[in-house]
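Dumped target_4.txt below, it's compact mmCIF, C-alpha atoms:
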```txt
# COMPACT_ATOMS: atom_id res chain seq x y z
CA MET A 1 53.77 106.81 -59.05
CA ASN A 2 50.14 105.69 -59.12
CA VAL A 3 48.75 102.76 -57.19
CA ASP A 4 45.05 101.99 -57.49
CA GLY A 5 42.87 102.76 -54.50
CA VAL A 6 41.08 100.00 -52.63
CA ASN A 7 37.37 99.64 -53.25
CA THR A 8 36.69 96.94 -50.69
CA GLY A 9 39.65 95.82 -48.66
CA ILE A 10 42.25 96.87 -46.11
CA VAL A 11 44.86 99.61 -46.04
CA LEU A 12 47.65 99.28 -43.49
CA ASP A 13 48.97 102.80 -43.12
CA HIS A 14 51.78 104.50 -41.19
CA ILE A 15 54.01 101.42 -41.28
CA HIS A 16 57.53 102.31 -40.15
CA ALA A 17 59.56 102.73 -43.34
CA GLY A 18 61.24 99.42 -44.18
CA LYS A 19 58.94 97.21 -42.12
CA SER A 20 56.27 96.51 -44.72
CA MET A 21 57.89 93.26 -45.86
CA VAL A 22 58.04 92.00 -42.27
CA ILE A 23 54.28 92.57 -42.02
CA TYR A 24 53.78 91.06 -45.48
CA LYS A 25 55.50 87.82 -44.48
CA LEU A 26 54.09 87.64 -40.96
CA LEU A 27 50.48 88.01 -42.12
CA GLY A 28 51.01 85.51 -44.94
CA LEU A 29 49.95 88.04 -47.56
CA ASP A 30 51.96 86.15 -50.18
CA ARG A 31 49.39 83.36 -49.92
CA LEU A 32 46.38 85.54 -50.79
CA ASP A 33 44.68 85.25 -54.18
CA CYS A 34 43.81 88.96 -54.37
CA THR A 35 45.89 92.00 -55.30
CA VAL A 36 48.28 93.17 -52.61
CA ALA A 37 50.30 96.37 -53.06
CA VAL A 38 53.33 97.08 -50.93
CA ILE A 39 54.35 100.70 -51.21
CA GLN A 40 57.61 101.67 -49.61
CA ASN A 41 59.20 104.96 -48.62
CA VAL A 42 56.13 107.13 -49.10
CA LYS A 43 56.50 110.73 -47.92
CA SER A 44 54.67 111.31 -44.65
CA ALA A 45 54.05 114.61 -42.88
CA LYS A 46 53.93 112.80 -39.54
CA TYR A 47 56.80 110.28 -39.84
CA GLY A 48 58.98 111.62 -42.69
CA ARG A 49 58.81 108.29 -44.56
CA LYS A 50 56.39 105.42 -44.19
CA ASP A 51 55.27 102.20 -45.88
CA ILE A 52 51.72 101.31 -46.86
CA ILE A 53 50.14 97.94 -47.69
CA LYS A 54 46.90 97.74 -49.64
CA ILE A 55 44.95 94.48 -49.71
CA ASP A 56 42.13 94.23 -52.22
CA LYS A 57 39.95 92.07 -49.96
CA ILE A 58 38.76 92.05 -46.35
CA ILE A 59 40.62 89.30 -44.50
CA ASP A 60 41.08 88.34 -40.84
CA LEU A 61 44.14 90.14 -39.51
CA ASP A 62 46.37 89.24 -36.59
CA PHE A 63 46.28 92.60 -34.80
CA ASP A 64 48.77 91.34 -32.20
CA ALA A 65 51.32 90.57 -34.88
CA ILE A 66 50.80 93.98 -36.50
CA GLY A 67 51.02 95.75 -33.14
CA PHE A 68 54.20 93.88 -32.30
CA VAL A 69 55.99 94.88 -35.50
CA ASP A 70 54.90 98.50 -35.26
CA PRO A 71 52.34 99.81 -32.75
CA ASN A 72 51.91 103.00 -34.80
CA ILE A 73 50.27 101.23 -37.74
CA THR A 74 46.73 102.27 -38.62
CA VAL A 75 44.35 99.64 -39.99
CA ASN A 76 41.73 101.05 -42.36
CA ILE A 77 38.83 98.88 -43.48
CA VAL A 78 37.38 100.15 -46.74
CA LYS A 79 33.96 99.10 -48.04
CA GLU A 80 32.66 100.18 -51.43
CA GLY A 81 35.15 102.99 -51.65
CA LYS A 82 34.41 104.43 -48.21
CA LEU A 83 36.34 104.19 -44.97
CA ALA A 84 34.20 101.84 -42.85
CA ARG A 85 36.49 101.55 -39.81
CA LYS A 86 39.81 102.92 -38.67
CA SER A 87 41.67 101.00 -35.95
CA HIS A 88 44.88 101.64 -34.08
CA VAL A 89 46.99 98.75 -32.82
CA SER A 90 49.17 98.59 -29.74
CA LEU A 91 52.04 96.51 -28.43
CA PRO A 92 50.25 93.32 -27.29
CA ASP A 93 50.62 91.86 -23.78
CA GLU A 94 50.73 88.34 -25.22
CA LEU A 95 51.85 86.88 -28.53
CA THR A 96 51.02 83.48 -29.98
CA ASP A 97 52.92 82.06 -32.95
CA VAL A 98 54.51 85.40 -33.81
CA LEU A 99 57.88 84.86 -32.15
CA ARG A 100 59.77 81.58 -31.98
CA CYS A 101 61.69 80.48 -28.86
CA ARG A 102 65.33 79.81 -29.78
CA ASN A 103 66.26 78.10 -26.50
CA PRO A 104 67.27 74.55 -27.51
CA ARG A 105 66.33 73.38 -24.02
CA CYS A 106 62.76 74.71 -24.26
CA ILE A 107 59.97 72.12 -24.51
CA THR A 108 58.84 73.81 -27.73
CA SER A 109 62.09 72.68 -29.39
CA SER A 110 61.08 69.03 -29.09
CA GLU A 111 57.26 69.28 -29.07
CA THR A 112 56.83 71.43 -32.12
CA ASP A 113 53.01 71.31 -32.15
CA LEU A 114 52.88 73.49 -29.04
CA PRO A 115 51.82 77.10 -29.66
CA GLN A 116 54.73 79.54 -29.31
CA ARG A 117 53.44 81.78 -26.53
CA PHE A 118 55.19 84.87 -25.16
CA LYS A 119 54.34 87.54 -22.58
CA LEU A 120 55.46 91.17 -22.69
CA VAL A 121 57.99 91.99 -19.98
CA ASP A 122 59.57 95.26 -21.15
CA PRO A 123 57.40 97.51 -23.37
CA GLU A 124 60.20 100.04 -23.83
CA LYS A 125 62.65 97.49 -25.22
CA ARG A 126 59.81 95.44 -26.73
CA LEU A 127 61.06 92.35 -24.95
CA TYR A 128 58.94 89.24 -24.48
CA ARG A 129 59.39 86.13 -22.33
CA CYS A 130 58.62 82.57 -23.41
CA VAL A 131 55.81 81.29 -21.14
CA TYR A 132 57.42 77.84 -21.08
CA CYS A 133 61.12 78.43 -20.43
CA ASP A 134 61.35 82.20 -19.63
CA ALA A 135 63.86 82.81 -22.44
CA MET A 136 63.71 86.40 -23.66
CA ALA A 137 62.77 87.21 -27.25
CA SER A 138 62.49 90.28 -29.43
CA GLU A 139 61.86 91.14 -33.07
CA LYS A 140 64.85 89.10 -34.25
CA HIS A 141 62.98 85.99 -33.04
CA LEU A 142 60.09 86.44 -35.49
CA PHE A 143 58.72 83.29 -37.10
CA MET B 1 37.23 74.68 -6.86
CA ALA B 2 40.17 75.46 -9.15
CA LYS B 3 43.10 73.08 -8.95
CA ARG B 4 46.49 74.29 -7.77
CA ASP B 5 49.83 73.40 -9.35
CA LEU B 6 53.38 74.17 -8.33
CA ILE B 7 55.48 74.96 -11.39
CA ASN B 8 57.53 77.83 -10.00
CA ILE B 9 57.93 78.73 -6.34
CA THR B 10 56.32 82.09 -7.11
CA ASP B 11 53.04 80.26 -7.79
CA LEU B 12 52.79 80.34 -4.00
CA SER B 13 52.43 83.59 -2.05
CA THR B 14 54.90 84.14 0.79
CA GLU B 15 52.02 83.52 3.20
CA GLU B 16 51.33 80.17 1.51
CA VAL B 17 55.04 79.28 1.67
CA ASP B 18 55.12 80.16 5.36
CA GLU B 19 51.97 78.10 6.00
CA MET B 20 53.49 75.14 4.16
CA LEU B 21 56.68 75.38 6.21
CA ASP B 22 54.55 75.58 9.37
CA LEU B 23 52.68 72.44 8.28
CA ALA B 24 56.02 70.70 7.63
CA ASP B 25 57.07 71.60 11.18
CA ARG B 26 53.86 70.09 12.57
CA ILE B 27 54.36 66.95 10.45
CA THR B 28 57.92 66.55 11.75
CA ALA B 29 56.69 66.98 15.33
CA GLU B 30 53.78 64.53 15.05
CA PRO B 31 54.18 62.31 11.95
CA GLU B 32 51.65 59.74 13.19
CA LYS B 33 48.90 62.36 13.09
CA TYR B 34 49.28 62.54 9.30
CA GLN B 35 49.88 58.88 8.51
CA ASP B 36 46.47 58.34 6.92
CA ALA B 37 45.91 61.80 5.51
CA CYS B 38 46.29 60.55 1.90
CA ALA B 39 44.61 57.16 2.30
CA HIS B 40 43.15 55.99 -1.04
CA LYS B 41 44.98 58.76 -2.94
CA LYS B 42 47.55 58.12 -5.68
CA LEU B 43 50.62 60.13 -6.56
CA ALA B 44 52.01 59.61 -10.08
CA THR B 45 55.78 60.21 -10.23
CA LEU B 46 56.58 60.74 -13.91
CA PHE B 47 60.33 61.03 -14.24
CA TYR B 48 61.53 61.51 -17.81
CA GLU B 49 65.12 61.82 -16.62
CA PRO B 50 67.04 60.06 -13.84
CA SER B 51 66.57 61.10 -10.25
CA THR B 52 67.16 59.31 -7.00
CA ARG B 53 66.46 61.62 -4.11
CA THR B 54 63.65 63.73 -5.52
CA ARG B 55 61.63 60.78 -6.80
CA LEU B 56 62.21 58.68 -3.68
CA SER B 57 61.51 61.69 -1.47
CA PHE B 58 58.12 62.23 -3.16
CA GLU B 59 57.32 58.51 -3.07
CA SER B 60 58.39 58.16 0.55
CA ALA B 61 56.35 61.24 1.49
CA MET B 62 53.22 59.82 -0.18
CA TYR B 63 53.62 56.39 1.43
CA LYS B 64 54.13 58.02 4.85
CA LEU B 65 50.86 59.89 4.32
CA GLY B 66 49.07 56.56 3.75
CA GLY B 67 48.78 57.02 -0.04
CA ASN B 68 49.98 55.00 -3.02
CA VAL B 69 52.37 55.70 -5.86
CA ILE B 70 52.36 54.85 -9.56
CA GLY B 71 54.61 56.12 -12.34
CA PHE B 72 57.87 55.62 -14.19
CA SER B 73 61.50 56.47 -13.61
CA ASP B 74 62.68 55.88 -17.16
CA ALA B 75 60.75 57.37 -20.05
CA ASN B 76 62.27 54.83 -22.46
CA SER B 77 60.09 52.09 -21.02
CA THR B 78 56.85 54.01 -21.69
CA SER B 79 54.76 55.32 -24.59
CA VAL B 80 57.00 58.37 -24.54
CA SER B 81 59.57 56.32 -26.47
CA LYS B 82 56.86 55.86 -29.12
CA GLY B 83 56.63 59.63 -29.49
CA GLU B 84 53.74 60.44 -27.14
CA SER B 85 53.59 64.12 -26.22
CA VAL B 86 53.75 65.42 -22.65
CA HIS B 87 50.19 66.67 -23.12
CA ASP B 88 48.82 63.24 -24.03
CA THR B 89 50.78 61.45 -21.31
CA MET B 90 49.38 63.80 -18.67
CA LYS B 91 45.82 63.44 -19.98
CA VAL B 92 46.12 59.67 -19.68
CA ILE B 93 47.89 59.51 -16.31
CA SER B 94 45.45 61.98 -14.78
CA CYS B 95 42.76 59.31 -15.24
CA PHE B 96 44.70 57.04 -12.87
CA ALA B 97 46.09 59.40 -10.22
CA ASP B 98 45.07 62.25 -7.90
CA ILE B 99 48.27 64.29 -8.16
CA ILE B 100 51.35 64.26 -10.43
CA ALA B 101 55.02 65.00 -9.76
CA VAL B 102 56.84 65.38 -13.08
CA ARG B 103 60.52 65.73 -13.95
CA HIS B 104 61.52 66.38 -17.54
CA PRO B 105 64.78 67.44 -19.23
CA LYS B 106 63.08 70.22 -21.21
CA GLU B 107 62.36 73.63 -19.72
CA GLY B 108 58.64 74.37 -19.55
CA ALA B 109 57.56 70.72 -19.66
CA ALA B 110 55.91 71.00 -16.23
CA TYR B 111 53.99 74.07 -17.42
CA VAL B 112 52.70 72.04 -20.36
CA ALA B 113 51.85 69.17 -18.00
CA ALA B 114 49.87 71.45 -15.68
CA HIS B 115 47.88 72.87 -18.58
CA SER B 116 47.11 69.42 -19.96
CA CYS B 117 45.14 67.86 -17.09
CA ASP B 118 42.75 68.71 -14.29
CA ILE B 119 44.68 67.28 -11.34
CA PRO B 120 47.44 69.12 -9.42
CA VAL B 121 50.90 68.98 -11.02
CA ILE B 122 54.15 69.49 -9.13
CA ASN B 123 57.25 70.46 -11.08
CA ALA B 124 59.93 68.07 -9.82
CA GLY B 125 62.51 69.74 -12.09
CA ASP B 126 62.22 70.93 -15.70
CA GLY B 127 65.64 71.03 -17.30
CA SER B 128 67.78 73.76 -15.80
CA HIS B 129 64.71 75.91 -15.20
CA PHE B 130 62.88 75.42 -11.87
CA HIS B 131 62.80 72.94 -9.01
CA PRO B 132 60.30 74.41 -6.54
CA SER B 133 59.90 71.45 -4.17
CA GLN B 134 63.66 71.54 -3.55
CA THR B 135 63.22 75.25 -2.87
CA LEU B 136 60.67 74.47 -0.16
CA ALA B 137 63.19 72.06 1.38
CA ASP B 138 65.87 74.76 1.17
CA LEU B 139 63.62 77.40 2.74
CA LEU B 140 62.63 75.02 5.54
CA THR B 141 66.31 74.29 6.20
CA ILE B 142 67.26 77.98 6.31
CA ARG B 143 64.31 78.79 8.55
CA ARG B 144 65.05 75.91 10.93
CA GLU B 145 68.77 76.63 11.11
CA LYS B 146 68.76 80.44 11.05
CA GLY B 147 65.32 81.12 12.53
CA ARG B 148 64.34 83.50 9.71
CA LEU B 149 64.08 83.93 5.95
CA ASP B 150 64.65 87.68 5.84
CA SER B 151 67.93 89.54 6.45
CA ILE B 152 69.99 86.58 5.15
CA LYS B 153 73.35 86.90 3.41
CA ILE B 154 73.45 83.95 1.05
CA GLY B 155 76.19 82.87 -1.35
CA PHE B 156 75.46 80.60 -4.32
CA CYS B 157 78.59 78.85 -5.54
CA GLY B 158 79.33 76.74 -8.62
CA ASP B 159 77.03 76.23 -11.58
CA LEU B 160 74.63 79.14 -11.44
CA LYS B 161 73.77 78.93 -15.14
CA PHE B 162 72.18 75.49 -15.18
CA GLY B 163 71.50 75.09 -11.44
CA ARG B 164 67.72 75.07 -11.31
CA THR B 165 67.64 74.87 -7.50
CA VAL B 166 69.57 78.15 -7.44
CA HIS B 167 67.11 79.85 -9.79
CA SER B 168 64.09 78.75 -7.75
CA LEU B 169 65.62 79.65 -4.38
CA ILE B 170 66.57 83.14 -5.61
CA ASP B 171 62.99 83.62 -6.85
CA ALA B 172 61.71 82.67 -3.41
CA LEU B 173 64.17 84.75 -1.38
CA LEU B 174 63.61 87.87 -3.48
CA ARG B 175 60.25 88.18 -1.75
CA TYR B 176 61.78 88.51 1.71
CA GLU B 177 63.28 91.71 3.14
CA ASN B 178 67.01 92.48 3.19
CA VAL B 179 68.31 89.32 1.55
CA GLU B 180 71.78 89.91 0.09
CA PHE B 181 73.17 87.62 -2.61
CA TRP B 182 76.72 86.58 -3.54
CA LEU B 183 76.91 84.89 -6.94
CA ILE B 184 80.13 82.87 -7.06
CA SER B 185 80.78 81.10 -10.36
CA PRO B 186 83.18 80.79 -13.27
CA GLU B 187 82.46 83.20 -16.10
CA GLU B 188 80.95 80.45 -18.26
CA LEU B 189 78.43 79.44 -15.58
CA THR B 190 77.11 82.78 -14.36
CA LEU B 191 73.48 83.30 -13.43
CA PRO B 192 71.19 83.84 -16.49
CA GLY B 193 70.53 87.47 -17.34
CA TYR B 194 66.77 87.27 -16.81
CA ILE B 195 67.27 86.29 -13.17
CA LYS B 196 69.78 89.09 -12.59
CA GLU B 197 67.23 91.48 -14.10
CA LYS B 198 64.62 90.15 -11.67
CA MET B 199 67.03 90.71 -8.76
CA THR B 200 67.77 94.24 -9.85
CA GLY B 201 64.07 94.90 -10.45
CA ALA B 202 63.25 93.67 -6.94
CA GLY B 203 65.82 96.07 -5.49
CA ALA B 204 68.00 93.25 -4.13
CA VAL B 205 71.67 93.78 -3.33
CA TRP B 206 73.81 91.26 -5.24
CA HIS B 207 77.49 90.77 -5.90
CA GLU B 208 78.95 88.69 -8.73
CA THR B 209 82.40 87.26 -8.03
CA ARG B 210 84.77 84.45 -9.02
CA SER B 211 86.23 84.03 -5.52
CA LEU B 212 84.72 81.72 -2.91
CA GLU B 213 87.52 82.61 -0.46
CA ASP B 214 86.73 86.34 -0.57
CA SER B 215 83.00 85.81 -0.14
CA ILE B 216 82.80 83.15 2.54
CA PRO B 217 83.51 85.40 5.58
CA GLU B 218 80.45 87.51 4.65
CA LEU B 219 77.86 84.76 4.54
CA ASP B 220 75.07 83.36 6.72
CA VAL B 221 74.37 80.61 4.18
CA LEU B 222 76.67 79.05 1.59
CA TYR B 223 74.73 77.14 -1.06
CA MET B 224 77.11 74.90 -3.02
CA THR B 225 76.10 73.33 -6.34
CA ARG B 226 77.38 70.63 -8.63
CA VAL B 227 78.60 71.42 -12.13
CA GLN B 228 75.99 69.45 -14.04
CA LYS B 229 77.53 67.20 -16.65
CA GLU B 230 74.14 66.41 -18.22
CA ARG B 231 73.54 70.08 -19.13
CA PHE B 232 76.67 70.45 -21.27
CA PHE B 233 76.59 69.93 -25.02
CA ASN B 234 80.40 69.75 -24.97
CA GLU B 235 82.19 67.41 -22.53
CA GLU B 236 85.46 69.35 -22.76
CA ASP B 237 83.76 72.38 -21.21
CA TYR B 238 82.45 70.20 -18.37
CA ILE B 239 85.87 68.74 -17.61
CA ARG B 240 87.48 72.19 -17.64
CA LEU B 241 84.92 73.65 -15.21
CA LYS B 242 83.99 70.84 -12.84
CA ASN B 243 86.79 71.43 -10.30
CA THR B 244 86.52 75.21 -10.15
CA TYR B 245 85.21 75.27 -6.57
CA VAL B 246 85.88 72.64 -3.92
CA LEU B 247 84.85 73.43 -0.35
CA ASP B 248 87.32 71.94 2.11
CA ARG B 249 88.08 72.40 5.80
CA GLU B 250 90.63 75.10 5.09
CA LYS B 251 88.20 77.28 3.12
CA LEU B 252 85.49 76.64 5.70
CA SER B 253 87.79 77.87 8.47
CA ALA B 254 87.31 81.42 7.14
CA ALA B 255 83.52 81.18 7.43
CA PRO B 256 81.52 82.54 10.37
CA GLU B 257 80.87 80.03 13.15
CA ASP B 258 77.13 80.17 12.58
CA MET B 259 77.20 80.00 8.77
CA ILE B 260 75.48 76.94 7.32
CA VAL B 261 76.55 74.95 4.25
CA MET B 262 73.78 73.70 1.99
CA HIS B 263 73.80 71.59 -1.19
CA PRO B 264 70.83 70.17 -3.11
CA LEU B 265 72.82 66.93 -3.70
CA PRO B 266 74.03 64.80 -5.35
CA ARG B 267 77.53 66.16 -4.89
CA VAL B 268 80.48 65.05 -6.96
CA ASN B 269 83.57 66.66 -5.48
CA GLU B 270 82.53 70.24 -4.75
CA ILE B 271 82.33 69.56 -1.01
CA GLU B 272 85.06 67.37 0.46
CA VAL B 273 83.76 64.50 2.57
CA SER B 274 85.85 65.81 5.50
CA VAL B 275 83.43 68.78 5.71
CA ASP B 276 80.50 66.46 6.52
CA ASP B 277 81.44 66.29 10.22
CA ASP B 278 81.49 70.07 10.59
CA PRO B 279 78.38 71.20 12.50
CA ARG B 280 77.80 73.83 9.81
CA ALA B 281 77.21 71.16 7.16
CA LYS B 282 73.43 70.91 6.74
CA TYR B 283 73.00 69.19 3.37
CA PHE B 284 71.81 65.90 4.82
CA GLU B 285 69.35 67.84 6.98
CA GLN B 286 68.04 69.32 3.72
CA VAL B 287 67.18 65.82 2.52
CA LYS B 288 65.24 65.08 5.71
CA ASN B 289 63.48 68.42 5.53
CA GLY B 290 62.65 67.73 1.88
CA LYS B 291 60.57 64.68 2.73
CA ASP B 292 58.40 66.47 5.29
CA VAL B 293 57.96 69.60 3.21
CA ARG B 294 56.90 67.43 0.24
CA LYS B 295 54.30 65.85 2.51
CA ALA B 296 53.08 69.36 3.32
CA LEU B 297 53.07 70.23 -0.39
CA ILE B 298 51.06 67.15 -1.38
CA LEU B 299 48.53 67.79 1.40
CA THR B 300 48.19 71.45 0.44
CA LEU B 301 47.66 70.78 -3.28
CA LEU B 302 45.16 68.02 -2.48
CA LYS B 303 43.35 70.63 -0.34
CA TRP B 304 43.57 68.48 2.75
CA LYS B 305 42.05 70.16 5.81
CA GLU B 306 43.60 69.83 9.23
CA ASP B 307 41.17 68.95 12.05
```

As structure tokens, the full file:
Amino acid sequence: MNVDGVNTGIVLDHIHAGKSMVIYKLLGLDRLDCTVAVIQNVKSAKYGRKDIIKIDKIIDLDFDAIGFVDPNITVNIVKEGKLARKSHVSLPDELTDVLRCRNPRCITSSETDLPQRFKLVDPEKRLYRCVYCDAMASEKHLF
Amino acid sequence: MAKRDLINITDLSTEEVDEMLDLADRITAEPEKYQDACAHKKLATLFYEPSTRTRLSFESAMYKLGGNVIGFSDANSTSVSKGESVHDTMKVISCFADIIAVRHPKEGAAYVAAHSCDIPVINAGDGSHFHPSQTLADLLTIRREKGRLDSIKIGFCGDLKFGRTVHSLIDALLRYENVEFWLISPEELTLPGYIKEKMTGAGAVWHETRSLEDSIPELDVLYMTRVQKERFFNEEDYIRLKNTYVLDREKLSAAPEDMIVMHPLPRVNEIEVSVDDDPRAKYFEQVKNGKDVRKALILTLLKWKED
């Protein structure tokens, strides 16, 4: 299967197989006016299987959101056909507007303009705590 | 100089807590020395949900320090009923006052309040989350009655799920050595998981049980709580659970002679009135201690300096 290379844009590589659509939605890639390719279940020497997203434009990325979904993702910035920068993400200490607090007693449930802010409490289990009400949240609490 | 708030008791170091309790002791000993300490200062008590003792305790404390009080005790009579956010209300009120005490039914509202203005904010209760000024009153009571805050065997009984005073007091006591906890509650009202995780993480010894009778002989402090009707979405659940634990003279007879009984009040029926005459009953002392420790808290956050 052939997918065109990116001339100037972004390649998100080494995405855990099956997580590309989570990234796609979280980064709002469906709202872009450029070509976006989501390639799933690609053979990988390192991970067995992986997903890749190619974006045919350089856009601002939420590295925290990417790092939260999968800290092994590599972000490649390509300019005029050449790799201009390769970045690695990590599990962020804080998240804003990535997770949503589901505690109906939290102030964010009634004042919906407040940013949804969380702090990392358990890197191993990837658990975060709402800064307002202390409710715990994980990937199932994604926006 | 950066402003200080009190949202959670852990905003204060143990040294700061001890200093505040020391100041409360000095205030109790010589109240006249502090009667003008807050002259020309205003406390805003912003109570979005009903309260009698906490609001009056703060207001009484401020008046006794020579200050003034503004605020509301019913959010329906304010711009809040028009949809004003906590952020905007705090921005506005901070133009009129020097310090704010806020109570709100939503968890985290005091955190939002503190981050919305440049004057000190005291959390006077945010939903079932935290109630740190009550914690200071509780700590002062334990220290005055038991002479220490470490090596205490304390039992929390009743509604440990929604009881914010329980959550704050556990947070505070976890920082002292050798405190052992008994968590006595029905299954539906057990302590939230995140607090149990904190206890385990801090290396504390804790026991979860349904039986008050089995636990009471072990305790230095028994902290009773009310099953809070206002926290239930379903009234049937409240009615089923509200009479689970009632402390009476018979149950108290199994307690050590020097155990103390505490309660943040108001009580409904979880402590029989006949217990009030027992010398171990200290819940009305807690109220008295609350006023003086709130004076100490206001003075500390206003950065008042003792001569």

Residues at most 9 Å from Trp304 in chain B, counting only C-alpha atoms, excluding those fewer than 5 positions away in the same chain, as a ChimeraX atom specification? /B:37-38,298-299

Using only C-alpha atoms, which protein or nucleic acid residues come within 7 Å of Lys153 in chain B? Drop anything in the same chain fewer than 6 positions from it, and give the result as a JSON list (two decimals) with C-alpha atoms, in the coordinates of the input.
```json
[["chain", "number", "residue", "atom", "x", "y", "z"],
["B", 179, "VAL", "CA", 68.31, 89.32, 1.55],
["B", 180, "GLU", "CA", 71.78, 89.91, 0.09],
["B", 181, "PHE", "CA", 73.17, 87.62, -2.61],
["B", 219, "LEU", "CA", 77.86, 84.76, 4.54],
["B", 220, "ASP", "CA", 75.07, 83.36, 6.72],
["B", 221, "VAL", "CA", 74.37, 80.61, 4.18]]
```

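Counting only C-alpha atoms and comparing A:Leu91, A:Glu124, A:Asp51, A:Ser44, the residue that lies closest to Gly18 in chain A is A:Asp51.
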
Calculated over only C-alpha atoms, which of the candidates A:Ile107, A:Ile15, A:Ile58, A:Ala84 has the smallest distance to Val38 in chain A? A:Ile15

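If you take all atoms listed in the file and a cut-off of 10 Å, the residues of chain A that reach chain B are Asn103, Pro104, Arg105, Cys106, Ile107, Thr108, Ser109, Ser110, Glu111, Thr112, Asp113, Leu114, Arg129, Cys130, Val131, Tyr132, Cys133, Asp134, Ala135 and Met136 of chain A.
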
Next, write the just-selected residues to a file, as a PDB file, keeping the file's coordinate frame, keeping C-alpha atoms as the atom set.
```pdb
ATOM      1  CA  ASN A 103      66.260  78.100 -26.500  1.00  0.00           C
ATOM      2  CA  PRO A 104      67.270  74.550 -27.510  1.00  0.00           C
ATOM      3  CA  ARG A 105      66.330  73.380 -24.020  1.00  0.00           C
ATOM      4  CA  CYS A 106      62.760  74.710 -24.260  1.00  0.00           C
ATOM      5  CA  ILE A 107      59.970  72.120 -24.510  1.00  0.00           C
ATOM      6  CA  THR A 108      58.840  73.810 -27.730  1.00  0.00           C
ATOM      7  CA  SER A 109      62.090  72.680 -29.390  1.00  0.00           C
ATOM      8  CA  SER A 110      61.080  69.030 -29.090  1.00  0.00           C
ATOM      9  CA  GLU A 111      57.260  69.280 -29.070  1.00  0.00           C
ATOM     10  CA  THR A 112      56.830  71.430 -32.120  1.00  0.00           C
ATOM     11  CA  ASP A 113      53.010  71.310 -32.150  1.00  0.00           C
ATOM     12  CA  LEU A 114      52.880  73.490 -29.040  1.00  0.00           C
ATOM     13  CA  ARG A 129      59.390  86.130 -22.330  1.00  0.00           C
ATOM     14  CA  CYS A 130      58.620  82.570 -23.410  1.00  0.00           C
ATOM     15  CA  VAL A 131      55.810  81.290 -21.140  1.00  0.00           C
ATOM     16  CA  TYR A 132      57.420  77.840 -21.080  1.00  0.00           C
ATOM     17  CA  CYS A 133      61.120  78.430 -20.430  1.00  0.00           C
ATOM     18  CA  ASP A 134      61.350  82.200 -19.630  1.00  0.00           C
ATOM     19  CA  ALA A 135      63.860  82.810 -22.440  1.00  0.00           C
ATOM     20  CA  MET A 136      63.710  86.400 -23.660  1.00  0.00           C
TER      21      MET A 136
END
```

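The space separating CA of Lys43 in chain A from CA of Asn76 in chain A comes to 18.5 Å.
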
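CA of Val42 in chain A is positioned 20.0 Å from CA of Ile77 in chain A.
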
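In this model, the gap between CA of Glu208 in chain B and CA of Ile260 in chain B comes to 20.2 Å.
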
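Nearest to Leu149 in chain B of all the residues B:Tyr283, B:Phe58, B:Phe47, B:Tyr176 is B:Tyr176, based on only C-alpha atoms.
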
Identify, on the basis of all atoms listed in the file, every residue whose closest approach to Ser51 in chain B does not exceed 10 Å; exclude the query and any residue fewer than 2 positions from it along the same chain; express the result as a PDB file with C-alpha atoms, in the frame of the given file.
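Dumped everything to part.pdb:
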```pdb
ATOM      1  CA  PHE B  47      60.330  61.030 -14.240  1.00  0.00           C
ATOM      2  CA  TYR B  48      61.530  61.510 -17.810  1.00  0.00           C
ATOM      3  CA  GLU B  49      65.120  61.820 -16.620  1.00  0.00           C
ATOM      4  CA  ARG B  53      66.460  61.620  -4.110  1.00  0.00           C
ATOM      5  CA  THR B  54      63.650  63.730  -5.520  1.00  0.00           C
ATOM      6  CA  ARG B  55      61.630  60.780  -6.800  1.00  0.00           C
ATOM      7  CA  LEU B  56      62.210  58.680  -3.680  1.00  0.00           C
ATOM      8  CA  SER B  73      61.500  56.470 -13.610  1.00  0.00           C
ATOM      9  CA  ASP B  74      62.680  55.880 -17.160  1.00  0.00           C
ATOM     10  CA  ARG B 103      60.520  65.730 -13.950  1.00  0.00           C
ATOM     11  CA  ALA B 124      59.930  68.070  -9.820  1.00  0.00           C
ATOM     12  CA  GLY B 125      62.510  69.740 -12.090  1.00  0.00           C
ATOM     13  CA  PRO B 266      74.030  64.800  -5.350  1.00  0.00           C
TER      14      PRO B 266
END
```

Under the rule of at most 10 Å, produce a per-residue listing of range 55-83 of chain A near range 28-31 of chain A: chain, number, name, the closest pair of atoms, and the distance in Å, as a Markdown table, using all atoms listed in the file.
```
| residue | atom | partner | partner_atom | distance |
| --- | --- | --- | --- | --- |
| A:Ile55 | CA | A:Leu29 | CA | 8.4 |
| A:Ile59 | CA | A:Leu29 | CA | 9.9 |
| A:Leu61 | CA | A:Gly28 | CA | 9.9 |
```

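When only C-alpha atoms are used to compute distances to Asn72 in chain A, the closest of the residues A:Lys125, A:His16, A:Lys140, A:Lys57 turns out to be A:His16.
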
B:Val275, B:Gly147, B:Leu136, B:Arg175 ranked by distance to Leu23 in chain B, top pick (using all atoms listed in the file): B:Leu136

Is it possible to get the axis-aligned box enclosing range 87-102 of chain A (all listed atoms, 3 Å extra per side) as lines of an AutoDock Vina configuration file, with centre and edge lengths in Å rounded to one decimal?
```
center_x = 53.5
center_y = 90.7
center_z = -29.9
size_x = 29.7
size_y = 27.8
size_z = 18.2
```

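Candidate residues B:Phe72, B:Lys196, B:Ala172, B:His207 were compared for distance to Ile184 in chain B, and the nearest is B:His207, using all atoms listed in the file.
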
Show me, as a PyMOL selection string, the residues that have an atom within 9 Å of Phe284 in chain B when counting all atoms listed in the file, minus same-chain residues fewer than 5 positions from it. chain B and resi 262-263+265+276+289
